Amino acid sequence: MKSRERDLTGEACTRIKRMILSYELRPGQKLEHQPLSDRLGMSRTPVREALGRLTEEGFVTRVPHKGYFVAEITEAEAKELFELREYLELYSIEKAIKNRTVDDLKKLREILGSYKAAISLGVSRQMFLVDENFHLKLAEIADSAMLKRILTTIFEKIIMKRAVEGISSMSGLSSYRRHLKILKALEKRDVREARKNIREHVQAGQQAVLEQIKNRRQFISLGQALGRG
């Protein structure tokens with residue numbers, strides 16, 4: 001592949017991922033080569049290569065004889081991602097408690113202020129992105145670049161492959177309250193309480209995603225049954 005083609009493929013990957021993240025392209029949506037090419041202002045070749053790359057990364061799925069679709073998170077994947085996230089965040093919070101400064105606490109409070117503003121506007125991808133910022137800031141305070149990179153990948157998979165529809169409007173407020181408990185434990189340097197709050201927060205997130213997957217599956221099954229009827 002020529003250098004220019006590689007650059008276009010990389011650009012197509014970045015822009016398609018951005019459209020998935022911003023919810024312009026939604027989980028389960030079919031991805032057609034030509035419309036995407038027109039939208040990105042490039043030929044079909046880099047778009048085709050980008051879809052192949054995004055399939056390898058798990059953000060796109062290819063169904064034989066049907067084409068490419070924006071990937072949807074599965075029950076097994078959700079369980080694995082949240083289990084990994086819990087282990088990593090428990091490690092992160094302990095290090096963050098040792099390292100945190102007054103400025104760090106100020107920044108976390110600012111992020112929570114942004115989160116409160118986001119949830120007041122209703123359930124959205126922006127709400128999840130601000131939530132991610134809070135947890136990545138904890139990893140930053142823990143002073144582990146590798147931990148932050150791994151958590152970024154985990155959050156990216158959870159957020160980009162999760163539909164917004166079907167999420168309770170109260171979920172953001174519940175999450176905000178759990179964040180406050182985490183921050184208070186961090187302020188007091190209470191490792192035991194911080195670990196407890198992190199575990200409860202991550203497990204609540206996992207349960208919410210699993211419930212959403214279950215409800216979505218039942219909705220699709222009902223639609224198919226009605227269609228056959």
# chains A, B, ... in the order shown; residues from 1 in each chain; ligands from 1
$ closest_atom_pairs --of "range 93-157 of chain A" --to "range 47-67 of chain A" --cutoff "12 Å" --atoms "only C-alpha atoms" --output "tab-separated table"
residue	atom	partner	partner_atom	distance
A:Thr153	CA	A:Glu57	CA	10.4
A:Ile154	CA	A:Gly58	CA	11.6
A:Glu156	CA	A:Phe59	CA	9.4
A:Lys157	CA	A:Phe59	CA	7.4
$ residues_around --residues "range 193-209 of chain A" --least-positions-apart "2" --cutoff "8 Å" --atoms "only C-alpha atoms" --output "PyMOL selection string"
chain A and resi 78-79+82+85-86+89-90+93-94+162+175+178-179+181-182+185-186+190-191+211-213
$ select_by_dssp --residues "range 57-216 of chain A" --states "strand (DSSP E)" --output "compact mmCIF listing (two decimals) with all heavy atoms, in the first residue's frame"
# COMPACT_ATOMS: atom_id res chain seq x y z
N VAL A 60 -16.32 -2.39 14.54
CA VAL A 60 -17.19 -2.70 13.41
C VAL A 60 -17.27 -4.21 13.30
O VAL A 60 -16.31 -4.92 13.61
CB VAL A 60 -16.64 -2.09 12.10
CG1 VAL A 60 -17.38 -2.62 10.87
CG2 VAL A 60 -16.72 -0.57 12.14
N THR A 61 -18.43 -4.74 12.90
CA THR A 61 -18.56 -6.17 12.67
C THR A 61 -18.92 -6.41 11.21
O THR A 61 -19.61 -5.59 10.58
CB THR A 61 -19.66 -6.79 13.55
OG1 THR A 61 -20.90 -6.11 13.32
CG2 THR A 61 -19.30 -6.68 15.01
N ARG A 62 -18.45 -7.52 10.67
CA ARG A 62 -18.77 -7.88 9.29
C ARG A 62 -19.64 -9.14 9.31
O ARG A 62 -19.25 -10.16 9.87
CB ARG A 62 -17.51 -8.15 8.47
CG ARG A 62 -17.79 -8.48 7.01
CD ARG A 62 -16.50 -8.68 6.23
NE ARG A 62 -16.79 -8.99 4.84
CZ ARG A 62 -17.10 -10.19 4.38
NH1 ARG A 62 -17.15 -11.22 5.23
NH2 ARG A 62 -17.35 -10.39 3.10
N VAL A 63 -20.82 -9.03 8.74
CA VAL A 63 -21.75 -10.16 8.67
C VAL A 63 -21.73 -10.69 7.24
O VAL A 63 -22.01 -9.94 6.30
CB VAL A 63 -23.19 -9.72 9.04
CG1 VAL A 63 -24.14 -10.92 8.96
CG2 VAL A 63 -23.21 -9.10 10.43
N GLY A 67 -22.81 -7.42 5.02
CA GLY A 67 -21.95 -6.24 5.03
C GLY A 67 -21.43 -5.86 6.40
O GLY A 67 -21.38 -6.69 7.32
N TYR A 68 -21.07 -4.60 6.53
CA TYR A 68 -20.47 -4.08 7.76
C TYR A 68 -21.51 -3.34 8.60
O TYR A 68 -22.38 -2.65 8.07
CB TYR A 68 -19.32 -3.13 7.43
CG TYR A 68 -18.11 -3.81 6.82
CD1 TYR A 68 -17.97 -3.90 5.44
CD2 TYR A 68 -17.11 -4.34 7.62
CE1 TYR A 68 -16.86 -4.52 4.86
CE2 TYR A 68 -16.00 -4.96 7.06
CZ TYR A 68 -15.88 -5.04 5.69
OH TYR A 68 -14.78 -5.65 5.13
N PHE A 69 -21.35 -3.45 9.93
CA PHE A 69 -22.26 -2.79 10.86
C PHE A 69 -21.45 -2.21 12.02
O PHE A 69 -20.41 -2.76 12.39
CB PHE A 69 -23.28 -3.77 11.42
CG PHE A 69 -24.20 -4.37 10.38
CD1 PHE A 69 -23.79 -5.42 9.59
CD2 PHE A 69 -25.48 -3.84 10.20
CE1 PHE A 69 -24.63 -5.97 8.62
CE2 PHE A 69 -26.33 -4.38 9.24
CZ PHE A 69 -25.90 -5.44 8.45
N VAL A 70 -21.94 -1.12 12.58
CA VAL A 70 -21.33 -0.60 13.81
C VAL A 70 -21.52 -1.65 14.89
O VAL A 70 -22.63 -2.15 15.10
CB VAL A 70 -21.99 0.73 14.25
CG1 VAL A 70 -21.36 1.23 15.55
CG2 VAL A 70 -21.86 1.78 13.15
$ select_by_dssp --residues "range 43-215 of chain A" --states "helix (DSSP H, G or I)" --output "PyMOL selection string"
chain A and resi 44-57+75-99+102-119+125-141+145-160+171-188+191-215
$ closest_atom_pairs --of "range 84-145 of chain A" --to "range 14-32 of chain A" --cutoff "10 Å" --atoms "only C-alpha atoms" --output "Markdown table"
| residue | atom | partner | partner_atom | distance |
| --- | --- | --- | --- | --- |
| A:Ser124 | CA | A:Tyr23 | CA | 8.9 |
| A:Arg125 | CA | A:Ser22 | CA | 6.7 |
| A:Gln126 | CA | A:Ser22 | CA | 8.1 |
| A:Leu129 | CA | A:Leu21 | CA | 9.3 |
$ closest_residue --among "A:Arg177, A:Arg217, A:Arg192, A:Lys137" --to "Asp103 in chain A" --atoms "only C-alpha atoms"
A:Lys137
$ closest_residue --among "A:Ser120, A:Asn99, A:Ser92, A:Thr74" --to "Leu151 in chain A" --atoms "only C-alpha atoms"
A:Ser92
$ atom_distance --atom1 "CA of Leu136 in chain A" --atom2 "CA of Ile158 in chain A"
14.2 Å
$ atom_distance --atom1 "CA of Ser169 in chain A" --atom2 "CA of Ser114 in chain A"
17.0 Å
$ atom_distance --atom1 "CA of Ala118 in chain A" --atom2 "CA of Leu105 in chain A"
19.9 Å
$ closest_residue --among "A:Ile111, A:Ala71, A:Ile119, A:Leu138" --to "Lys98 in chain A" --atoms "only C-alpha atoms"
A:Leu138
$ closest_residue --among "A:Pro46, A:Ile97, A:Leu173, A:His33" --to "Ala139 in chain A" --atoms "only C-alpha atoms"
A:Ile97
